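Notes follow the structure.
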Amino acid sequence: MINFYPGEPQEILKPAQTGFVVFTLLMALLINLLPWAGWGLWVRPDFVALVLLYWCIDQPRKIGFTIPWLLGLLMDVADGSLFGQHALSYTIVAFAGIALHRRVQRFAITPQALHAVPLLLLNDVIVLVIRLVAGSDFPGIWYFLGSLIGGLLWPLLSFVLKLPQRPRADAGHA
Amino acid sequence: MEHTPPPFFNTGPSPLTRLLIFSVLSLALLIADARYKHLDAIRQVAAVAIYPLQRIAAAPASLLSRLGEFFTTHSALRAESARLAQENLASATLTQKTRALEAENASLRKLLEAREQQQTRNTLAQVLYAARDPFTQRIVIDKGAQHEVHNGQPVIDATGVVGQVTRVYPMLAEVTLITDKGHLIPVLNARTGMRLVLAGTGVRGVLELQFVPLNADVQKGDQLVTSGIDGIYTPGLPVAEVTAIEPNPLATFSRVACKPLGGVSNNTRVFVVQGSDALPPRPPEDSEQAPRGRKGRKGG
């Protein structure tokens with residue numbers, strides 16, 4: 001099932017993929033910046049965290065820690081929230097993704113999503129704790145709904161983000 | 001990927017070390033921002049970096065609304081035009097009366113040698129989006145430091161106070177809504193003239209009057225207007241209406257719930273009230289810039 005000697009698809013894909021990773025992260029940032037309001041705000045998963053987690057699991061060496069940290073800073077500025085809260089949560093999520101990538105990559109899509117949900121919830125909890133320490137009120141249990149939706153979106157996300165790889169990778173990849 | 005030997009661990013510090021470094025950096029930023037507010041410069045730079053993305057993200061919604069405007073029916077437009085003409089007539093009458101009153105007021109003030117009331121100027125701003133943050137009630141508007149929007153300026157709509165500018169970027173500004181938890185406005189009960197403090201609760205559409213004594217004359221339906229004693233809000237702007245009073249005999253103060261008069265979170269356009277700079281200088285103890293007060297405090 002796993003071909004250990006594909007060699008060339010990886011090498012050909014690499015340069016293009018870095019651009020694609022950056023592009024998808026920017027798109028995720030853009031989707032996060034859409035004017036969400038009302039219940040859309042509750043349903044919305046943190047797309048940056050979601051895509052970041054995906055790439056950390058799929059391409060751990062491409063992401064590292066600087067990118068999540070900078071993305072977190074941008075999110076904090078865009079939200080006007082305390083500086084560093086998303087930076088911290090994205091860094092920790094990226095670490096968890098990188099630490100778990102060997103394990104998660106082995107699973108099929110559904111168990112992968114089941115791995116993603118707790119990590120996204122971790123992201124929420126970090127932000128929540130920072131906000132509570134800073135003096136906000138608990139916004140209600142619906143706050144965590146977005147991460148569950150993010151788990152549901154995982155298969156779709158995985159399909160879309162694998163599209164550019166698909167013609168070169170063999171069929172058993174997904 | 002398991003095909004290649006992982007040079008990941010050879011190229012610099014281990015993930016755990018990096019995690020620690022970045023976490024400590026983030027925590028330092030958090031503390032610096034929350035405690036000392038020293039990060040405005042970085043924030044401004046990052047805000048400029050993210051500004052194009054923000055405009056792009058706001059584009060589809062405004063495009064949709066424009067599309068909706070384009071496809072309004074003829075009859076709806078005519079009805080609106082008729083309504084606006086009527087409103088215009090009504091407000092024109094009011095404006096004329098106001099002008100006469102203003103002139104009268106000015107001459108009376110001159111007679112009494114009272115300070116001239118400040119002239120205000122309103123800047124129309126478009127609401128780009130509500131902050132995507134379930135913890136706070138904020139909106140972002142499309143006017144910033146370049147349009148002379150400053151921190152602390154009140155933001156109103158056609159019917160009442162909406163909020164206050166709390167952070168200014170070069171081309172955008174963040175407005176904290178009056179319903180945000182921890183936001184306070186000094187108000188005046190229009191019926192009795194009693195001065196009170198109105199606080200946001202964090203819940204949409206609910207405000208609370210603070211420190212209302214049990215025997216205070218507050219009734220359901222009372223209109224609250226800005227008192228202007230803070231020097232930030234122009235006096236007399238309508239803010240809220242009292243909706244419920246719960247006298248609690250065990251506590252010192254009664255709980256008074258209010259609802260905002262302005263369409264706090266339902267606006268697409270708001271006014272930033274500018275030009276409230278005609279205040280007399282504060283007493284020297286309060287002023288951070290007065291060198292004397294500072295020296296005195298340091299010495300003492």
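Numbering starts fresh at 1 for the residues of each chain in the structure tokens, the chains themselves are lettered A, B, ... in the order given, and ligands are numbered from 1 as they appear.
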Proximity check chain A to chain B, 7 Å, nearest pairs one decimal Å, only C-alpha atoms, as a tab-separated table:
```
residue	atom	partner	partner_atom	distance
A:Phe4	CA	B:His3	CA	6.0
A:Leu30	CA	B:Ala57	CA	5.8
A:Leu33	CA	B:Ala57	CA	5.7
A:Leu34	CA	B:Ala57	CA	4.8
A:Pro35	CA	B:Tyr129	CA	5.0
A:Trp36	CA	B:Arg132	CA	6.4
A:Ala37	CA	B:Ala130	CA	6.6
A:Leu41	CA	B:Arg132	CA	6.7
A:Arg61	CA	B:Phe8	CA	6.6
A:Leu74	CA	B:Ala46	CA	6.4
A:Val77	CA	B:Ala47	CA	6.1
A:Asp79	CA	B:Ala131	CA	5.6
A:Leu82	CA	B:Leu30	CA	6.3
A:Phe83	CA	B:Leu30	CA	5.4
A:Gly84	CA	B:Ser26	CA	4.7
A:Gln85	CA	B:Leu30	CA	6.7
A:Ala87	CA	B:Ser26	CA	6.0
A:Leu88	CA	B:Ser26	CA	5.3
A:Thr91	CA	B:Leu19	CA	6.7
A:Ile92	CA	B:Leu19	CA	6.8
A:Phe95	CA	B:Leu19	CA	6.5
A:Ser136	CA	B:Phe135	CA	6.5
A:Pro139	CA	B:Phe135	CA	6.1
```
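Running DSSP on the backbone gives strand (DSSP E or B) for these residues within region 168-215 of chain B: Val168, Ala173, Glu174, Val175, Thr176, Leu177, Leu184, Ile185, Pro186, Val187, Leu188, Asn189, Arg195, Leu196, Val197, Leu198, Ala199, Gly200, Leu207, Glu208, Leu209, Gln210, Phe211, Val212 and Pro213 of chain B.
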- Query: For Ser254 (chain B), which of B:Ser227, B:Gln210, B:Ser91, B:Thr234 is the closest residue, counting only C-alpha atoms?
  - Reply: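 Checking each candidate against Ser254 (chain B), we get B:Gln210 as the closest.
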- Excluding region 155-160 of chain A and residues on its chain fewer than 3 positions from it, collect all residues at most 8 Å away from it, counting only C-alpha atoms, and give them as a list in words.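 Close residues of region 155-160 of chain A: Val51, Tyr54, Ile109, Thr110, Ala113, Leu152 and Leu163 of chain A.
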Give me a file of those residues, with N, CA and C atoms, as a compact mmCIF listing (two decimals), in the first residue's frame.
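Printed below is again-v3.txt as written:
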```txt
# COMPACT_ATOMS: atom_id res chain seq x y z
N VAL A 51 -6.54 24.48 9.09
CA VAL A 51 -5.62 24.26 7.97
C VAL A 51 -4.19 24.07 8.49
N TYR A 54 -3.85 20.66 9.71
CA TYR A 54 -3.76 19.72 8.60
C TYR A 54 -2.34 19.67 8.06
N ILE A 109 -9.43 8.70 7.12
CA ILE A 109 -9.89 10.08 7.30
C ILE A 109 -10.71 10.26 8.57
N THR A 110 -11.66 9.36 8.83
CA THR A 110 -12.54 9.57 9.98
C THR A 110 -11.79 9.56 11.31
N ALA A 113 -10.05 12.75 11.71
CA ALA A 113 -10.90 13.84 12.17
C ALA A 113 -11.09 13.75 13.68
N LEU A 152 -15.93 17.91 11.54
CA LEU A 152 -16.79 17.43 10.44
C LEU A 152 -16.23 17.87 9.09
N LEU A 163 -5.85 17.77 -3.47
CA LEU A 163 -6.13 17.83 -4.91
C LEU A 163 -4.88 18.05 -5.77
```
Helix (DSSP H, G or I) per DSSP on the backbone: members of chain A, as a short mmCIF file (atom, residue, chain, number, x, y, z; two decimals) with C-alpha atoms, in the first residue's frame:
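Listing of part.cif after writing:
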```cif
data_model
loop_
_atom_site.label_atom_id
_atom_site.label_comp_id
_atom_site.auth_asym_id
_atom_site.auth_seq_id
_atom_site.Cartn_x
_atom_site.Cartn_y
_atom_site.Cartn_z
CA GLU A 8 10.27 11.64 -7.97
CA PRO A 9 6.67 12.76 -7.19
CA GLN A 10 7.86 14.16 -3.92
CA GLU A 11 10.74 16.03 -5.42
CA ILE A 12 8.64 17.45 -8.23
CA LEU A 13 5.85 18.45 -5.89
CA LYS A 14 7.92 20.12 -3.24
CA PRO A 15 8.44 23.62 -4.62
CA ALA A 16 4.89 23.95 -5.83
CA GLN A 17 3.58 22.67 -2.55
CA THR A 18 5.21 25.31 -0.42
CA GLY A 19 3.37 27.90 -2.44
CA PHE A 20 0.18 25.92 -2.08
CA VAL A 21 0.62 25.64 1.68
CA VAL A 22 1.12 29.38 1.95
CA PHE A 23 -1.84 29.97 -0.34
CA THR A 24 -4.18 27.73 1.66
CA LEU A 25 -3.08 29.33 4.92
CA LEU A 26 -3.78 32.77 3.48
CA MET A 27 -7.16 31.55 2.24
CA ALA A 28 -7.93 30.23 5.72
CA LEU A 29 -6.98 33.61 7.15
CA LEU A 30 -9.25 35.26 4.60
CA ILE A 31 -12.15 32.97 5.51
CA ASN A 32 -11.56 33.76 9.17
CA LEU A 33 -11.69 37.45 8.32
CA TRP A 39 -24.90 32.25 14.90
CA GLY A 40 -22.41 32.00 12.06
CA LEU A 41 -19.83 33.13 14.57
CA TRP A 42 -20.62 30.17 16.80
CA VAL A 43 -20.69 27.61 14.04
CA PHE A 47 -10.10 27.86 9.79
CA VAL A 48 -6.53 28.97 10.34
CA ALA A 49 -6.13 26.47 13.18
CA LEU A 50 -7.80 23.79 11.06
CA VAL A 51 -5.62 24.26 7.97
CA LEU A 52 -2.55 24.74 10.12
CA LEU A 53 -3.24 21.48 11.90
CA TYR A 54 -3.76 19.72 8.60
CA TRP A 55 -0.43 20.85 7.23
CA CYS A 56 1.35 20.14 10.50
CA ILE A 57 0.15 16.57 10.29
CA ASP A 58 0.61 16.17 6.55
CA PRO A 60 5.34 18.66 9.43
CA ARG A 61 8.63 19.95 8.10
CA LYS A 62 7.02 22.67 6.00
CA ILE A 63 5.33 24.49 8.84
CA THR A 66 7.32 30.64 13.10
CA ILE A 67 4.41 30.49 10.67
CA PRO A 68 1.76 29.53 13.26
CA TRP A 69 3.10 32.17 15.58
CA LEU A 70 2.98 34.93 12.96
CA LEU A 71 -0.48 33.82 11.79
CA GLY A 72 -1.61 33.98 15.41
CA LEU A 73 -0.33 37.53 15.72
CA LEU A 74 -2.21 38.52 12.56
CA MET A 75 -5.39 36.93 13.93
CA ASP A 76 -4.97 38.83 17.18
CA VAL A 77 -4.61 42.11 15.34
CA ALA A 78 -7.58 41.39 13.11
CA ASP A 79 -9.74 40.46 16.09
CA GLN A 85 -3.34 34.68 22.57
CA HIS A 86 -3.79 33.14 19.13
CA ALA A 87 -0.04 33.12 18.69
CA LEU A 88 0.23 30.93 21.77
CA SER A 89 -2.68 28.66 20.90
CA TYR A 90 -1.58 28.16 17.27
CA THR A 91 1.97 27.40 18.38
CA ILE A 92 0.76 24.76 20.78
CA VAL A 93 -1.60 23.26 18.22
CA ALA A 94 1.21 23.17 15.68
CA PHE A 95 3.42 21.41 18.20
CA ALA A 96 0.71 18.86 18.92
CA GLY A 97 0.20 18.31 15.20
CA ILE A 98 3.91 17.86 14.57
CA ALA A 99 4.32 15.60 17.58
CA LEU A 100 1.39 13.39 16.53
CA HIS A 101 1.87 13.42 12.78
CA ARG A 102 3.37 9.95 12.46
CA ARG A 103 0.50 8.46 14.40
CA VAL A 104 -2.32 10.42 12.76
CA GLN A 105 -1.04 9.95 9.21
CA ILE A 109 -9.89 10.08 7.30
CA THR A 110 -12.54 9.57 9.98
CA PRO A 111 -10.18 8.63 12.80
CA GLN A 112 -7.98 11.50 11.64
CA ALA A 113 -10.90 13.84 12.17
CA LEU A 114 -11.36 12.33 15.63
CA HIS A 115 -7.76 13.26 16.34
CA ALA A 116 -8.26 16.76 15.01
CA VAL A 117 -11.27 17.60 17.18
CA PRO A 118 -9.46 17.43 20.55
CA LEU A 119 -6.58 19.46 19.15
CA LEU A 120 -8.98 22.13 17.89
CA LEU A 121 -10.70 22.07 21.27
CA LEU A 122 -7.29 22.54 22.85
CA ASN A 123 -6.89 25.65 20.71
CA ASP A 124 -10.24 26.93 22.00
CA VAL A 125 -9.42 26.12 25.59
CA ILE A 126 -6.11 28.01 25.47
CA VAL A 127 -7.82 31.11 24.10
CA LEU A 128 -10.63 30.67 26.62
CA VAL A 129 -8.25 30.42 29.57
CA ILE A 130 -6.38 33.53 28.46
CA ARG A 131 -9.63 35.43 28.09
CA LEU A 132 -10.91 34.30 31.48
CA VAL A 133 -7.64 35.34 33.11
CA ILE A 141 -20.83 26.08 25.89
CA TRP A 142 -21.60 26.96 22.25
CA TYR A 143 -18.14 28.38 22.09
CA PHE A 144 -16.81 24.89 21.46
CA LEU A 145 -19.26 24.10 18.67
CA GLY A 146 -16.95 25.54 16.01
CA SER A 147 -14.29 22.96 16.72
CA LEU A 148 -16.75 20.08 16.37
CA ILE A 149 -17.82 21.52 13.02
CA GLY A 150 -14.13 21.74 12.18
CA GLY A 151 -13.86 18.01 12.80
CA LEU A 152 -16.79 17.43 10.44
CA LEU A 153 -15.04 19.56 7.82
CA TRP A 154 -11.83 17.56 8.11
CA PRO A 155 -12.59 15.01 5.34
CA LEU A 156 -13.59 17.78 2.94
CA LEU A 157 -10.52 19.78 3.84
CA SER A 158 -8.29 16.78 3.41
CA PHE A 159 -9.82 16.10 -0.01
CA VAL A 160 -9.41 19.69 -1.19
CA LEU A 161 -5.88 20.13 0.11
CA LYS A 162 -4.77 16.86 -1.48
CA LEU A 163 -6.13 17.83 -4.91
CA PRO A 164 -2.87 19.24 -6.32
CA GLN A 165 -1.02 16.13 -5.17
CA ALA A 171 -4.55 6.10 -5.76
CA GLY A 172 -4.00 4.43 -2.41
CA HIS A 173 -2.98 7.72 -0.90
#
```
- Quick one: of A:Arg44, A:Gly64, A:Ala134, A:Gln59, who's nearest to Ser81 (chain A), counting only C-alpha atoms?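 Closest to Ser81 (chain A) of all the choices is A:Ala134.
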- Can you tell me how far CA of Thr243 (chain B) sits from CA of Ala158 (chain B), in Å to one decimal?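 Pair CA of Thr243 (chain B) / CA of Ala158 (chain B) returns 20.9 Å.
CA of Gly236 (chain B) sits 25.1 Å away from CA of His147 (chain B).
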- Separation of CA of Leu63 (chain B) from CA of Thr268 (chain B), in Å and rounded to one decimal: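 Answer for the CA of Leu63 (chain B) to CA of Thr268 (chain B) separation: 13.3 Å.
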